[in-house]
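These notes concern the structure reproduced below.
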Amino acid sequence: WKTMGHTAVLSVIFPFLALVAFVGARPATFLQDFRITWADTHIKQLQGGTAIQLKLDPSSGCGFASNKQYHYGRVSMKIKLIPGDSAGTVTAFYLNSDTDTVRDELDFEFLGNRSGQPYTVQTNVYAHGKGDREQRVNLWFDPAADYHTYTILWNHYHVVFSVDNVPVRVFKNNERRGIPYPTLQPMGVYSTLWEGDDWATRGGLEKIDWGKAPFYAYYKDFDIEGCAVPGPANCASNPNNWWEGPAYRQLSPEQARLYRWVRTNHMIYDYCTDKSRYPVPPPECSAGI
């Protein structure tokens, strides 16, 4: 884990039945597509395995991962975050190549808060081993009151992080301009609930109140649709995969309007404008959407 953290989630109706052999479709239960990777005592299946509860207490956090890796596609999950005083907790949902040297990773991290303060979602992009591309947005609703859908779309054109179908982060493929983009490696889907109070809330000023433990987050409607690895070698390069279609190559006018609304009204940190870290903005910062 880097100091700014990790993350990860995919959801869509599957229109091209001809591709059924190539892609993972929505699993009926958690264990069909995922495995527990950390502290099985802290993950409980609910509703016949169609939903799960993650627990964080002083003894441990917990985590799970997909059974397969995927090379392009879309992942989504519905998540209900920790209610009340969740300062210092980190609920993460991310794609990761699980490689030690040249890592690719796409992160959603939900940073806990003191009661009455907004929940912050941090996104990050690692490509060819290079990360440090954090952006933070305050959510415009209470994500602990109900389930909300968190989605990562990854195709040859861009990566789009969305919350309830509202884009909150776009990272374009600008490899032709020499900007790294995750193209070469498949990635697994991961999620964790853990203690990050050295950095998560107000830069580490707000610590976990273990008197409020245990902390619970809830997940359901796991949906992964992409090129499973191992699988057909030509899947990832197939232009007929639905996630490579014209509707997914750039934001629609309405999506672009919502994206500008998020960035104007709810963004609280952008590495592109952090002159203390980057006196000269990184080249991808001028790429637009």
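Identifiers in the structure tokens: chain A, B, ... in order shown; residue index from 1 per chain; ligand index from 1 in order shown.
The list of residues with at least one atom within 9 Å of segment 151-153 of chain A, based on only C-alpha atoms and without residues fewer than 5 positions apart in the same chain, reads Ala8, Val9, Leu10, Ser11, Tyr72, Gly73, Arg74, Val75, Ser76, Met77, Lys78, Tyr94, Leu95, Leu106, Asp107, Phe108, His158, Val159, Val160, Phe161, Ser162, Val163, Asp164, Asn165, Trp243 and Tyr248 of chain A.
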Checklist entry - Quick one: residues within 12 Å of Tyr216 of chain A, only C-alpha atoms counted, chain neighbours fewer than 2 positions away excluded, as a count of residues only? => result 32
List as a compact mmCIF listing (two decimals) with N, CA and C atoms, in the first residue's frame the protein and nucleic acid residues near Leu184 of chain A, meaning an atom at most 12 Å away when only C-alpha atoms are counted, but skip any in the same chain fewer than 2 places from it.
```txt
# COMPACT_ATOMS: atom_id res chain seq x y z
N TYR A 70 -9.30 -9.82 -15.15
CA TYR A 70 -10.02 -9.37 -16.33
C TYR A 70 -9.17 -8.34 -17.07
N HIS A 71 -9.27 -8.37 -18.40
CA HIS A 71 -8.52 -7.43 -19.24
C HIS A 71 -9.53 -6.59 -20.00
N TYR A 72 -9.84 -5.42 -19.47
CA TYR A 72 -10.86 -4.49 -19.94
C TYR A 72 -12.26 -5.00 -19.54
N SER A 97 -3.35 -5.32 -10.79
CA SER A 97 -2.69 -6.35 -11.60
C SER A 97 -1.96 -7.37 -10.75
N THR A 99 0.95 -7.36 -9.47
CA THR A 99 2.34 -7.52 -9.89
C THR A 99 3.22 -6.66 -8.99
N VAL A 102 5.88 -3.72 -12.02
CA VAL A 102 5.15 -2.76 -12.86
C VAL A 102 3.66 -2.96 -12.61
N ARG A 103 3.14 -2.18 -11.67
CA ARG A 103 1.77 -2.38 -11.21
C ARG A 103 0.81 -1.48 -11.97
N ASP A 104 -0.34 -2.06 -12.34
CA ASP A 104 -1.48 -1.29 -12.82
C ASP A 104 -2.58 -1.41 -11.76
N GLU A 105 -3.26 -0.28 -11.51
CA GLU A 105 -4.29 -0.31 -10.47
C GLU A 105 -5.25 0.86 -10.67
N ALA A 127 -0.45 3.26 -13.60
CA ALA A 127 -0.23 2.71 -14.93
C ALA A 127 1.26 2.50 -15.13
N HIS A 128 1.62 1.29 -15.50
CA HIS A 128 3.03 0.92 -15.71
C HIS A 128 3.86 1.24 -14.48
N GLY A 129 3.28 1.05 -13.30
CA GLY A 129 4.00 1.25 -12.05
C GLY A 129 3.96 2.65 -11.49
N ASN A 155 -11.61 0.66 -20.69
CA ASN A 155 -11.52 0.18 -22.07
C ASN A 155 -10.31 0.81 -22.75
N HIS A 156 -10.21 0.66 -24.06
CA HIS A 156 -9.04 1.17 -24.78
C HIS A 156 -9.01 2.69 -24.85
N GLU A 175 -1.58 7.26 -24.55
CA GLU A 175 -0.29 6.61 -24.77
C GLU A 175 0.44 7.20 -25.97
N PRO A 180 1.60 6.97 -19.68
CA PRO A 180 1.27 5.56 -19.41
C PRO A 180 -0.24 5.36 -19.22
N TYR A 181 -0.72 4.21 -19.71
CA TYR A 181 -2.12 3.82 -19.57
C TYR A 181 -2.14 2.31 -19.37
N PRO A 182 -3.04 1.81 -18.50
CA PRO A 182 -3.05 0.36 -18.24
C PRO A 182 -3.61 -0.43 -19.41
N PRO A 186 -3.91 -7.87 -17.27
CA PRO A 186 -5.23 -8.03 -16.66
C PRO A 186 -5.19 -7.65 -15.20
N MET A 187 -6.35 -7.36 -14.64
CA MET A 187 -6.43 -6.97 -13.24
C MET A 187 -7.54 -7.74 -12.54
N ALA A 236 -9.53 -9.37 -25.38
CA ALA A 236 -9.21 -8.00 -24.95
C ALA A 236 -9.11 -7.05 -26.14
N SER A 237 -8.71 -7.55 -27.31
CA SER A 237 -8.54 -6.69 -28.48
C SER A 237 -9.77 -6.68 -29.39
```
Item to check | Which of segment 136-278 of chain A fall in helix (DSSP H, G or I), as a PyMOL selection string | outcome: chain A and resi 175-177+202-204+210-212+242-244+246-248+253-265+271-273
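Taking atom CA of Asn241 of chain A and atom CA of Ala51 of chain A as endpoints, the distance between them is 28.1 Å.
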Checklist entry - Near Leu111 of chain A, counting only C-alpha atoms, which residues have an atom at most 12 Å away, once you skip same-chain residues fewer than 3 positions from it, shown as number ranges by chain? => result A: 4-7, 81-83, 85-93, 108, 114, 117-123, 136-139, 143, 193-204, 206-208
Next on the checklist: Give me, as a PyMOL selection string, the residues of segment 151-234 of chain A that a backbone DSSP run labels strand (DSSP E).
Outcome noted: chain A and resi 151-154+158-163+166-172+187-195+215-229
Residue contacts of Ala287 of chain A (10 Å, only C-alpha atoms) excluding same-chain residues fewer than 3 positions away, as a short mmCIF file (atom, residue, chain, number, x, y, z; two decimals) with C-alpha atoms, in the first residue's frame:
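Result file selection28.cif:
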```
data_model
loop_
_atom_site.label_atom_id
_atom_site.label_comp_id
_atom_site.auth_asym_id
_atom_site.auth_seq_id
_atom_site.Cartn_x
_atom_site.Cartn_y
_atom_site.Cartn_z
CA VAL A 170 -11.97 10.23 -16.14
CA PHE A 171 -8.46 9.12 -17.11
CA LYS A 172 -7.96 9.10 -20.87
CA ASN A 173 -5.71 6.82 -22.89
CA ASN A 174 -3.00 9.16 -24.12
CA ARG A 177 1.51 11.30 -26.14
CA PRO A 283 1.08 15.94 -18.86
CA GLU A 284 -2.17 13.98 -18.49
#
```
Checklist entry - Can you list, as a list of chain:residue names, every protein, DNA or RNA residue that comes within 10 Å of Tyr271 of chain A when you count only C-alpha atoms, leaving out same-chain residues fewer than 4 positions away? => result A:Asn124, A:Asp132, A:Arg133, A:Glu134, A:Gln135, A:Arg136, A:Lys275, A:Ser276, A:Arg277, A:Tyr278, A:Pro281, A:Pro282, A:Cys285
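Among A:Thr149, A:Thr101, A:Gln185, A:Thr37, the residue with the shortest atom-to-atom distance to Asp221 of chain A, counting only C-alpha atoms, is A:Thr149.
Straight-line separation from atom CA of Arg169 of chain A to atom CA of Arg35 of chain A: 28.0 Å.
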Checklist entry - When distances are computed from only C-alpha atoms, which of A:Ala217, A:Val229, A:Ala65, A:Ile224 shows the smallest separation from Tyr147 of chain A? => result A:Ala217
Item to check | Between atom CA of Asn240 of chain A and atom CA of Tyr157 of chain A, distance in Å (one decimal) | outcome: 13.9 Å
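Closest approach to Glu225 of chain A from the set A:Pro253, A:Val189, A:Ser59, A:Asp98 is made by A:Val189, with distances taken over only C-alpha atoms.
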